[in-house]
$ cat protein27.cif   # mmCIF, N, CA and C atoms
data_final
#
loop_
_atom_site.label_atom_id
_atom_site.label_comp_id
_atom_site.auth_asym_id
_atom_site.auth_seq_id
_atom_site.Cartn_x
_atom_site.Cartn_y
_atom_site.Cartn_z
N GLN A 1229 20.87 25.48 9.01
CA GLN A 1229 20.49 24.66 7.87
C GLN A 1229 19.77 23.40 8.33
N VAL A 1230 19.03 22.82 7.40
CA VAL A 1230 18.30 21.59 7.68
C VAL A 1230 18.84 20.49 6.78
N GLN A 1231 19.03 19.33 7.36
CA GLN A 1231 19.46 18.16 6.59
C GLN A 1231 18.44 17.05 6.70
N LEU A 1232 18.22 16.38 5.58
CA LEU A 1232 17.38 15.18 5.56
C LEU A 1232 18.26 14.03 5.11
N VAL A 1233 18.26 12.96 5.88
CA VAL A 1233 19.10 11.81 5.58
C VAL A 1233 18.22 10.56 5.48
N GLU A 1234 18.28 9.92 4.29
CA GLU A 1234 17.49 8.70 4.05
C GLU A 1234 18.33 7.47 4.38
N SER A 1235 17.64 6.39 4.73
CA SER A 1235 18.30 5.10 4.95
C SER A 1235 17.31 3.99 4.64
N GLY A 1236 17.86 2.78 4.45
CA GLY A 1236 17.01 1.62 4.28
C GLY A 1236 16.84 1.10 2.87
N GLY A 1237 17.44 1.74 1.90
CA GLY A 1237 17.30 1.27 0.53
C GLY A 1237 18.12 0.02 0.27
N GLY A 1238 18.06 -0.45 -0.97
CA GLY A 1238 18.85 -1.62 -1.33
C GLY A 1238 18.21 -2.42 -2.43
N LEU A 1239 18.65 -3.67 -2.52
CA LEU A 1239 18.17 -4.61 -3.55
C LEU A 1239 17.20 -5.59 -2.91
N VAL A 1240 16.08 -5.80 -3.57
CA VAL A 1240 15.08 -6.74 -3.06
C VAL A 1240 14.44 -7.44 -4.24
N GLN A 1241 14.00 -8.68 -4.01
CA GLN A 1241 13.33 -9.42 -5.07
C GLN A 1241 11.89 -8.96 -5.23
N PRO A 1242 11.34 -9.16 -6.42
CA PRO A 1242 9.92 -8.83 -6.61
C PRO A 1242 9.05 -9.54 -5.57
N GLY A 1243 8.09 -8.79 -5.05
CA GLY A 1243 7.24 -9.33 -4.00
C GLY A 1243 7.76 -9.10 -2.60
N GLY A 1244 8.98 -8.63 -2.50
CA GLY A 1244 9.59 -8.39 -1.21
C GLY A 1244 9.22 -7.05 -0.61
N SER A 1245 9.84 -6.76 0.53
CA SER A 1245 9.54 -5.53 1.27
C SER A 1245 10.82 -4.79 1.63
N LEU A 1246 10.68 -3.48 1.75
CA LEU A 1246 11.74 -2.62 2.26
C LEU A 1246 11.10 -1.51 3.07
N ARG A 1247 11.86 -1.00 4.01
CA ARG A 1247 11.38 0.14 4.79
C ARG A 1247 12.41 1.25 4.69
N LEU A 1248 11.97 2.38 4.15
CA LEU A 1248 12.82 3.56 4.06
C LEU A 1248 12.56 4.47 5.26
N SER A 1249 13.63 5.07 5.75
CA SER A 1249 13.50 6.02 6.84
C SER A 1249 14.20 7.32 6.47
N CYS A 1250 13.71 8.41 7.02
CA CYS A 1250 14.31 9.72 6.76
C CYS A 1250 14.27 10.51 8.05
N ALA A 1251 15.42 11.07 8.41
CA ALA A 1251 15.51 11.88 9.62
C ALA A 1251 15.92 13.30 9.26
N ALA A 1252 15.17 14.25 9.80
CA ALA A 1252 15.47 15.66 9.59
C ALA A 1252 16.22 16.19 10.80
N SER A 1253 17.26 16.98 10.55
CA SER A 1253 18.03 17.56 11.65
C SER A 1253 18.41 18.99 11.30
N GLY A 1254 18.81 19.73 12.33
CA GLY A 1254 19.18 21.12 12.12
C GLY A 1254 18.23 22.04 12.86
N ARG A 1255 18.17 23.29 12.39
CA ARG A 1255 17.32 24.28 13.04
C ARG A 1255 15.89 24.11 12.54
N ILE A 1256 15.13 23.34 13.28
CA ILE A 1256 13.76 23.01 12.90
C ILE A 1256 12.80 23.48 13.97
N PHE A 1257 11.89 24.37 13.57
CA PHE A 1257 10.86 24.81 14.51
C PHE A 1257 9.74 23.79 14.53
N SER A 1258 9.26 23.48 13.37
CA SER A 1258 8.28 22.42 13.21
C SER A 1258 8.23 22.06 11.74
N ILE A 1259 7.63 20.92 11.44
CA ILE A 1259 7.54 20.44 10.06
C ILE A 1259 6.09 20.29 9.67
N ASN A 1260 5.73 20.85 8.56
CA ASN A 1260 4.38 20.69 8.05
C ASN A 1260 4.29 19.32 7.37
N ALA A 1261 4.16 19.29 6.07
CA ALA A 1261 4.06 18.00 5.38
C ALA A 1261 5.45 17.39 5.20
N MET A 1262 5.47 16.08 5.16
CA MET A 1262 6.67 15.32 4.79
C MET A 1262 6.25 14.33 3.71
N GLY A 1263 7.24 13.87 2.96
CA GLY A 1263 6.86 12.95 1.89
C GLY A 1263 8.02 12.24 1.24
N TRP A 1264 7.65 11.40 0.30
CA TRP A 1264 8.62 10.65 -0.50
C TRP A 1264 8.29 10.83 -1.97
N TYR A 1265 9.33 11.06 -2.74
CA TYR A 1265 9.25 11.10 -4.20
C TYR A 1265 10.24 10.07 -4.74
N ARG A 1266 10.12 9.76 -6.01
CA ARG A 1266 11.07 8.85 -6.62
C ARG A 1266 11.33 9.24 -8.06
N GLN A 1267 12.50 8.84 -8.53
CA GLN A 1267 12.86 9.12 -9.91
C GLN A 1267 13.55 7.90 -10.50
N ALA A 1268 12.91 7.33 -11.51
CA ALA A 1268 13.48 6.19 -12.21
C ALA A 1268 14.35 6.69 -13.37
N PRO A 1269 15.28 5.89 -13.84
CA PRO A 1269 16.14 6.31 -14.95
C PRO A 1269 15.33 6.75 -16.16
N GLY A 1270 15.65 7.92 -16.68
CA GLY A 1270 14.98 8.41 -17.86
C GLY A 1270 13.59 8.97 -17.64
N LYS A 1271 13.16 9.05 -16.37
CA LYS A 1271 11.82 9.54 -16.06
C LYS A 1271 11.89 10.74 -15.13
N GLN A 1272 10.80 11.47 -15.07
CA GLN A 1272 10.72 12.60 -14.18
C GLN A 1272 10.48 12.14 -12.74
N ARG A 1273 10.88 12.99 -11.81
CA ARG A 1273 10.61 12.70 -10.41
C ARG A 1273 9.10 12.73 -10.18
N GLU A 1274 8.61 11.75 -9.42
CA GLU A 1274 7.17 11.66 -9.18
C GLU A 1274 6.89 11.47 -7.70
N LEU A 1275 5.71 11.95 -7.31
CA LEU A 1275 5.28 11.80 -5.94
C LEU A 1275 4.96 10.34 -5.64
N VAL A 1276 5.39 9.88 -4.46
CA VAL A 1276 5.04 8.54 -4.00
C VAL A 1276 3.98 8.63 -2.91
N ALA A 1277 4.28 9.41 -1.87
CA ALA A 1277 3.34 9.54 -0.75
C ALA A 1277 3.70 10.77 0.05
N THR A 1278 2.68 11.37 0.66
CA THR A 1278 2.89 12.50 1.56
C THR A 1278 2.08 12.30 2.83
N ILE A 1279 2.49 13.00 3.88
CA ILE A 1279 1.78 12.93 5.15
C ILE A 1279 1.87 14.29 5.82
N THR A 1280 0.73 14.79 6.31
CA THR A 1280 0.71 16.08 6.97
C THR A 1280 1.10 15.93 8.44
N SER A 1281 1.23 17.05 9.10
CA SER A 1281 1.54 17.01 10.53
C SER A 1281 0.41 16.39 11.34
N GLY A 1282 -0.78 16.39 10.75
CA GLY A 1282 -1.94 15.75 11.39
C GLY A 1282 -2.17 14.33 10.92
N ASP A 1283 -1.16 13.76 10.24
CA ASP A 1283 -1.19 12.36 9.77
C ASP A 1283 -2.20 12.09 8.65
N LYS A 1284 -2.57 13.12 7.92
CA LYS A 1284 -3.36 12.88 6.72
C LYS A 1284 -2.41 12.45 5.61
N THR A 1285 -2.76 11.34 4.95
CA THR A 1285 -1.86 10.77 3.95
C THR A 1285 -2.40 10.88 2.53
N ASN A 1286 -1.50 10.82 1.59
CA ASN A 1286 -1.85 10.85 0.17
C ASN A 1286 -0.86 9.94 -0.55
N TYR A 1287 -1.36 9.11 -1.47
CA TYR A 1287 -0.52 8.16 -2.17
C TYR A 1287 -0.71 8.26 -3.68
N ALA A 1288 0.35 7.98 -4.41
CA ALA A 1288 0.22 7.79 -5.84
C ALA A 1288 -0.61 6.54 -6.09
N ASP A 1289 -1.38 6.55 -7.15
CA ASP A 1289 -2.23 5.39 -7.46
C ASP A 1289 -1.41 4.12 -7.60
N SER A 1290 -0.21 4.25 -8.11
CA SER A 1290 0.63 3.09 -8.39
C SER A 1290 1.11 2.37 -7.13
N VAL A 1291 1.04 3.03 -5.98
CA VAL A 1291 1.54 2.41 -4.75
C VAL A 1291 0.44 2.20 -3.70
N LYS A 1292 -0.76 2.65 -3.98
CA LYS A 1292 -1.85 2.48 -3.01
C LYS A 1292 -2.06 1.01 -2.68
N GLY A 1293 -2.20 0.74 -1.39
CA GLY A 1293 -2.41 -0.62 -0.95
C GLY A 1293 -1.13 -1.42 -0.75
N ARG A 1294 -0.01 -0.87 -1.21
CA ARG A 1294 1.28 -1.57 -1.06
C ARG A 1294 2.24 -0.79 -0.17
N PHE A 1295 2.20 0.52 -0.24
CA PHE A 1295 3.10 1.37 0.53
C PHE A 1295 2.34 2.06 1.66
N THR A 1296 3.03 2.29 2.77
CA THR A 1296 2.45 3.01 3.89
C THR A 1296 3.46 4.04 4.40
N ILE A 1297 3.02 5.29 4.47
CA ILE A 1297 3.86 6.35 4.99
C ILE A 1297 3.46 6.65 6.43
N SER A 1298 4.46 6.94 7.26
CA SER A 1298 4.20 7.28 8.65
C SER A 1298 5.27 8.26 9.12
N ARG A 1299 4.99 8.94 10.23
CA ARG A 1299 5.96 9.91 10.73
C ARG A 1299 5.93 9.95 12.24
N ASP A 1300 7.03 10.42 12.79
CA ASP A 1300 7.14 10.63 14.22
C ASP A 1300 7.49 12.11 14.41
N ASN A 1301 6.53 12.89 14.82
CA ASN A 1301 6.74 14.33 14.93
C ASN A 1301 7.76 14.69 16.01
N ALA A 1302 7.84 13.89 17.04
CA ALA A 1302 8.79 14.18 18.12
C ALA A 1302 10.23 13.97 17.66
N LYS A 1303 10.42 13.03 16.73
CA LYS A 1303 11.77 12.71 16.25
C LYS A 1303 12.07 13.33 14.90
N ASN A 1304 11.09 13.99 14.29
CA ASN A 1304 11.26 14.59 12.95
C ASN A 1304 11.69 13.53 11.93
N THR A 1305 10.99 12.41 11.95
CA THR A 1305 11.29 11.35 11.01
C THR A 1305 10.05 10.97 10.21
N VAL A 1306 10.30 10.43 9.03
CA VAL A 1306 9.23 9.91 8.19
C VAL A 1306 9.71 8.60 7.60
N ASP A 1307 8.83 7.60 7.61
CA ASP A 1307 9.15 6.28 7.10
C ASP A 1307 8.24 5.93 5.93
N LEU A 1308 8.73 5.02 5.10
CA LEU A 1308 7.92 4.50 4.00
C LEU A 1308 8.07 2.98 4.00
N GLN A 1309 7.02 2.30 4.40
CA GLN A 1309 7.00 0.84 4.35
C GLN A 1309 6.53 0.42 2.97
N MET A 1310 7.35 -0.33 2.28
CA MET A 1310 7.04 -0.74 0.91
C MET A 1310 6.90 -2.26 0.86
N ASN A 1311 5.72 -2.72 0.54
CA ASN A 1311 5.44 -4.15 0.43
C ASN A 1311 5.07 -4.51 -1.00
N SER A 1312 5.12 -5.79 -1.29
CA SER A 1312 4.76 -6.29 -2.62
C SER A 1312 5.48 -5.50 -3.71
N LEU A 1313 6.74 -5.33 -3.55
CA LEU A 1313 7.51 -4.50 -4.48
C LEU A 1313 7.56 -5.12 -5.87
N LYS A 1314 7.55 -4.23 -6.86
CA LYS A 1314 7.58 -4.62 -8.26
C LYS A 1314 8.82 -4.04 -8.93
N PRO A 1315 9.26 -4.62 -10.03
CA PRO A 1315 10.42 -4.05 -10.73
C PRO A 1315 10.22 -2.58 -11.09
N GLU A 1316 9.00 -2.20 -11.39
CA GLU A 1316 8.74 -0.79 -11.74
C GLU A 1316 8.83 0.16 -10.56
N ASP A 1317 9.03 -0.36 -9.36
CA ASP A 1317 9.28 0.49 -8.20
C ASP A 1317 10.75 0.88 -8.11
N THR A 1318 11.58 0.30 -8.95
CA THR A 1318 13.00 0.63 -8.96
C THR A 1318 13.21 2.10 -9.28
N ALA A 1319 13.91 2.78 -8.41
CA ALA A 1319 14.12 4.22 -8.56
C ALA A 1319 15.02 4.72 -7.44
N VAL A 1320 15.43 5.97 -7.57
CA VAL A 1320 16.03 6.68 -6.44
C VAL A 1320 14.89 7.36 -5.69
N TYR A 1321 14.82 7.11 -4.40
CA TYR A 1321 13.75 7.65 -3.57
C TYR A 1321 14.29 8.84 -2.77
N TYR A 1322 13.51 9.91 -2.78
CA TYR A 1322 13.90 11.15 -2.11
C TYR A 1322 12.90 11.49 -1.01
N CYS A 1323 13.43 11.85 0.13
CA CYS A 1323 12.61 12.34 1.23
C CYS A 1323 12.50 13.86 1.11
N THR A 1324 11.35 14.40 1.46
CA THR A 1324 11.18 15.84 1.45
C THR A 1324 10.38 16.27 2.68
N ALA A 1325 10.63 17.51 3.11
CA ALA A 1325 9.93 18.04 4.26
C ALA A 1325 9.70 19.53 4.08
N ASP A 1326 8.51 19.97 4.43
CA ASP A 1326 8.17 21.39 4.41
C ASP A 1326 8.43 21.94 5.81
N ILE A 1327 9.59 22.57 5.96
CA ILE A 1327 10.03 23.05 7.26
C ILE A 1327 9.44 24.44 7.51
N ARG A 1328 8.77 24.61 8.61
CA ARG A 1328 8.17 25.90 8.93
C ARG A 1328 9.24 26.99 8.99
N PHE A 1329 8.97 28.09 8.28
CA PHE A 1329 9.85 29.25 8.17
C PHE A 1329 11.06 29.02 7.28
N ARG A 1330 11.25 27.79 6.76
CA ARG A 1330 12.45 27.52 5.96
C ARG A 1330 12.14 26.94 4.58
N GLY A 1331 10.91 26.56 4.35
CA GLY A 1331 10.58 26.03 3.04
C GLY A 1331 10.89 24.54 2.93
N TYR A 1332 10.93 24.09 1.68
CA TYR A 1332 11.11 22.66 1.42
C TYR A 1332 12.59 22.28 1.44
N SER A 1333 12.86 21.14 2.06
CA SER A 1333 14.19 20.54 2.03
C SER A 1333 14.08 19.15 1.44
N TRP A 1334 15.19 18.70 0.81
CA TRP A 1334 15.23 17.39 0.17
C TRP A 1334 16.43 16.60 0.68
N GLY A 1335 16.24 15.29 0.75
CA GLY A 1335 17.36 14.42 1.04
C GLY A 1335 18.19 14.19 -0.21
N GLN A 1336 19.28 13.46 -0.05
CA GLN A 1336 20.20 13.22 -1.16
C GLN A 1336 19.73 12.09 -2.07
N GLY A 1337 18.77 11.34 -1.61
CA GLY A 1337 18.23 10.23 -2.41
C GLY A 1337 18.86 8.90 -2.02
N ILE A 1338 18.07 7.84 -2.17
CA ILE A 1338 18.55 6.51 -1.85
C ILE A 1338 18.01 5.53 -2.89
N GLN A 1339 18.87 4.61 -3.30
CA GLN A 1339 18.50 3.69 -4.38
C GLN A 1339 17.68 2.52 -3.85
N VAL A 1340 16.60 2.23 -4.57
CA VAL A 1340 15.81 1.03 -4.34
C VAL A 1340 15.77 0.27 -5.66
N THR A 1341 16.21 -0.98 -5.64
CA THR A 1341 16.23 -1.81 -6.83
C THR A 1341 15.44 -3.07 -6.57
N VAL A 1342 14.46 -3.32 -7.42
CA VAL A 1342 13.62 -4.52 -7.30
C VAL A 1342 13.93 -5.40 -8.50
N SER A 1343 14.58 -6.51 -8.23
CA SER A 1343 15.03 -7.37 -9.31
C SER A 1343 15.28 -8.78 -8.80
N SER A 1344 15.04 -9.76 -9.67
CA SER A 1344 15.34 -11.15 -9.30
C SER A 1344 16.75 -11.53 -9.76
#
$ encode --input "protein27.cif" --output "structure tokens"
Amino acid sequence: QVQLVESGGGLVQPGGSLRLSCAASGRIFSINAMGWYRQAPGKQRELVATITSGDKTNYADSVKGRFTISRDNAKNTVDLQMNSLKPEDTAVYYCTADIRFRGYSWGQGIQVTVSS
């Protein structure tokens, strides 16, 4: 089995920064794309950012210029640096990974709250 474990969430004031990290463990041959999604209360889960094994990135329009996704292929980790945070960024953030031969795996989610 494959496990994804997120860390780094919490409470931050508007304009502040947080860095989320996600580590994949288990029987992993290789990982194709990795990414972050989020789900705010009463809303559907939405894509935040993705990154391919070749470091090609994709961002939701709402976070472009503020968030940066990165990964370490040797460690099977993906990070999300979040700057200039806004109250509307408040959500549970989920890490996801497309594991070769195993399909998509999801983390358990981590809370990010942006509030003064």
$ closest_residue --input "protein27.cif" --among "A:Ala1277, A:Leu1313, A:Val1340, A:Ala1325" --to "Gln1231 of chain A" --atoms "only C-alpha atoms"
A:Ala1325
$ closest_residue --input "protein27.cif" --among "A:Ile1338, A:Ala1268, A:Val1230, A:Ile1297" --to "Gln1309 of chain A" --atoms "all atoms listed in the file"
A:Ile1297
$ closest_residue --input "protein27.cif" --among "A:Ser1249, A:Ser1235, A:Gln1272, A:Asn1260" --to "Val1306 of chain A" --atoms "all atoms listed in the file"
A:Ser1249
$ residues_around --input "protein27.cif" --residues "Ala1302 of chain A" --least-positions-apart "3" --cutoff "12 Å" --atoms "only C-alpha atoms" --output "list in words"
Ala1251, Ala1252, Ser1253, Ile1256, Phe1257, Ser1258, Ile1259, Ser1281, Arg1299, Thr1305 and Val1306 of chain A
$ atom_distance --input "protein27.cif" --atom1 "atom C of Leu1232 of chain A" --atom2 "atom C of Asp1283 of chain A"
20.9 Å
$ atom_distance --input "protein27.cif" --atom1 "atom CA of Thr1280 of chain A" --atom2 "atom C of Glu1234 of chain A"
19.8 Å
$ residues_around --input "protein27.cif" --residues "Tyr1287 of chain A" --least-positions-apart "4" --cutoff "9 Å" --atoms "only C-alpha atoms" --output "PyMOL selection string"
chain A and resi 1275-1278+1291-1292+1295-1297
$ residues_around --input "protein27.cif" --residues "Cys1323 of chain A" --least-positions-apart "2" --cutoff "6 Å" --atoms "all atoms listed in the file" --output "JSON list (two decimals) with N, CA and C atoms, in the frame of the given file"
[["chain", "number", "residue", "atom", "x", "y", "z"],
["A", 1263, "GLY", "N", 7.24, 13.87, 2.96],
["A", 1263, "GLY", "CA", 6.86, 12.95, 1.89],
["A", 1263, "GLY", "C", 8.02, 12.24, 1.24],
["A", 1264, "TRP", "N", 7.65, 11.40, 0.30],
["A", 1264, "TRP", "CA", 8.62, 10.65, -0.50],
["A", 1264, "TRP", "C", 8.29, 10.83, -1.97],
["A", 1265, "TYR", "N", 9.33, 11.06, -2.74],
["A", 1265, "TYR", "CA", 9.25, 11.10, -4.20],
["A", 1265, "TYR", "C", 10.24, 10.07, -4.74],
["A", 1321, "TYR", "N", 14.82, 7.11, -4.40],
["A", 1321, "TYR", "CA", 13.75, 7.65, -3.57],
["A", 1321, "TYR", "C", 14.29, 8.84, -2.77],
["A", 1325, "ALA", "N", 10.63, 17.51, 3.11],
["A", 1325, "ALA", "CA", 9.93, 18.04, 4.26],
["A", 1325, "ALA", "C", 9.70, 19.53, 4.08],
["A", 1333, "SER", "N", 12.86, 21.14, 2.06],
["A", 1333, "SER", "CA", 14.19, 20.54, 2.03],
["A", 1333, "SER", "C", 14.08, 19.15, 1.44],
["A", 1334, "TRP", "N", 15.19, 18.70, 0.81],
["A", 1334, "TRP", "CA", 15.23, 17.39, 0.17],
["A", 1334, "TRP", "C", 16.43, 16.60, 0.68],
["A", 1335, "GLY", "N", 16.24, 15.29, 0.75],
["A", 1335, "GLY", "CA", 17.36, 14.42, 1.04],
["A", 1335, "GLY", "C", 18.19, 14.19, -0.21],
["A", 1337, "GLY", "N", 18.77, 11.34, -1.61],
["A", 1337, "GLY", "CA", 18.23, 10.23, -2.41],
["A", 1337, "GLY", "C", 18.86, 8.90, -2.02]]
$ select_by_dssp --input "protein27.cif" --residues "chain A" --states "strand (DSSP E)" --output "PyMOL selection string"
chain A and resi 1230-1235+1238-1240+1246-1254+1259-1267+1274-1279+1285-1287+1295-1300+1305-1310+1319-1327+1331-1334+1338-1342
$ resolve_selection --input "protein27.cif" --expression "the PyMOL selection byres ((chain A and resi 1269) around 8)" --output "list in words"
Arg1266, Gln1267, Ala1268, Gly1270, Lys1271, Gln1272, Thr1318, Ala1319 and Val1320 of chain A
$ closest_residue --input "protein27.cif" --among "A:Val1233, A:Asn1311, A:Tyr1322, A:Ser1245" --to "Arg1294 of chain A" --atoms "all atoms listed in the file"
A:Asn1311
$ build_atoms --input "protein27.cif" --residues "segment 1320-1334 of chain A" --atoms "N, CA, C and O atoms" --output "mmCIF file, in the frame of the given file"
data_model
loop_
_atom_site.group_PDB
_atom_site.id
_atom_site.type_symbol
_atom_site.label_atom_id
_atom_site.label_comp_id
_atom_site.auth_asym_id
_atom_site.auth_seq_id
_atom_site.Cartn_x
_atom_site.Cartn_y
_atom_site.Cartn_z
ATOM 1 N N VAL A 1320 15.430 5.970 -7.570
ATOM 2 C CA VAL A 1320 16.030 6.680 -6.440
ATOM 3 C C VAL A 1320 14.890 7.360 -5.690
ATOM 4 O O VAL A 1320 14.089 8.081 -6.297
ATOM 5 N N TYR A 1321 14.820 7.110 -4.400
ATOM 6 C CA TYR A 1321 13.750 7.650 -3.570
ATOM 7 C C TYR A 1321 14.290 8.840 -2.770
ATOM 8 O O TYR A 1321 15.363 8.755 -2.160
ATOM 9 N N TYR A 1322 13.510 9.910 -2.780
ATOM 10 C CA TYR A 1322 13.900 11.150 -2.110
ATOM 11 C C TYR A 1322 12.900 11.490 -1.010
ATOM 12 O O TYR A 1322 11.684 11.460 -1.230
ATOM 13 N N CYS A 1323 13.430 11.850 0.130
ATOM 14 C CA CYS A 1323 12.610 12.340 1.230
ATOM 15 C C CYS A 1323 12.500 13.860 1.110
ATOM 16 O O CYS A 1323 13.461 14.527 0.691
ATOM 17 N N THR A 1324 11.350 14.400 1.460
ATOM 18 C CA THR A 1324 11.180 15.840 1.450
ATOM 19 C C THR A 1324 10.380 16.270 2.680
ATOM 20 O O THR A 1324 9.576 15.502 3.205
ATOM 21 N N ALA A 1325 10.630 17.510 3.110
ATOM 22 C CA ALA A 1325 9.930 18.040 4.260
ATOM 23 C C ALA A 1325 9.700 19.530 4.080
ATOM 24 O O ALA A 1325 10.606 20.250 3.637
ATOM 25 N N ASP A 1326 8.510 19.970 4.430
ATOM 26 C CA ASP A 1326 8.170 21.390 4.410
ATOM 27 C C ASP A 1326 8.430 21.940 5.810
ATOM 28 O O ASP A 1326 7.614 21.742 6.722
ATOM 29 N N ILE A 1327 9.590 22.570 5.960
ATOM 30 C CA ILE A 1327 10.030 23.050 7.260
ATOM 31 C C ILE A 1327 9.440 24.440 7.510
ATOM 32 O O ILE A 1327 9.624 25.350 6.679
ATOM 33 N N ARG A 1328 8.770 24.610 8.610
ATOM 34 C CA ARG A 1328 8.170 25.900 8.930
ATOM 35 C C ARG A 1328 9.240 26.990 8.990
ATOM 36 O O ARG A 1328 10.265 26.810 9.638
ATOM 37 N N PHE A 1329 8.970 28.090 8.280
ATOM 38 C CA PHE A 1329 9.850 29.250 8.170
ATOM 39 C C PHE A 1329 11.060 29.020 7.280
ATOM 40 O O PHE A 1329 11.847 29.938 7.052
ATOM 41 N N ARG A 1330 11.250 27.790 6.760
ATOM 42 C CA ARG A 1330 12.450 27.520 5.960
ATOM 43 C C ARG A 1330 12.140 26.940 4.580
ATOM 44 O O ARG A 1330 13.030 26.817 3.756
ATOM 45 N N GLY A 1331 10.910 26.560 4.350
ATOM 46 C CA GLY A 1331 10.580 26.030 3.040
ATOM 47 C C GLY A 1331 10.890 24.540 2.930
ATOM 48 O O GLY A 1331 11.106 23.851 3.915
ATOM 49 N N TYR A 1332 10.930 24.090 1.680
ATOM 50 C CA TYR A 1332 11.110 22.660 1.420
ATOM 51 C C TYR A 1332 12.590 22.280 1.440
ATOM 52 O O TYR A 1332 13.433 22.979 0.896
ATOM 53 N N SER A 1333 12.860 21.140 2.060
ATOM 54 C CA SER A 1333 14.190 20.540 2.030
ATOM 55 C C SER A 1333 14.080 19.150 1.440
ATOM 56 O O SER A 1333 13.030 18.494 1.555
ATOM 57 N N TRP A 1334 15.190 18.700 0.810
ATOM 58 C CA TRP A 1334 15.230 17.390 0.170
ATOM 59 C C TRP A 1334 16.430 16.600 0.680
ATOM 60 O O TRP A 1334 17.482 17.154 0.975
#
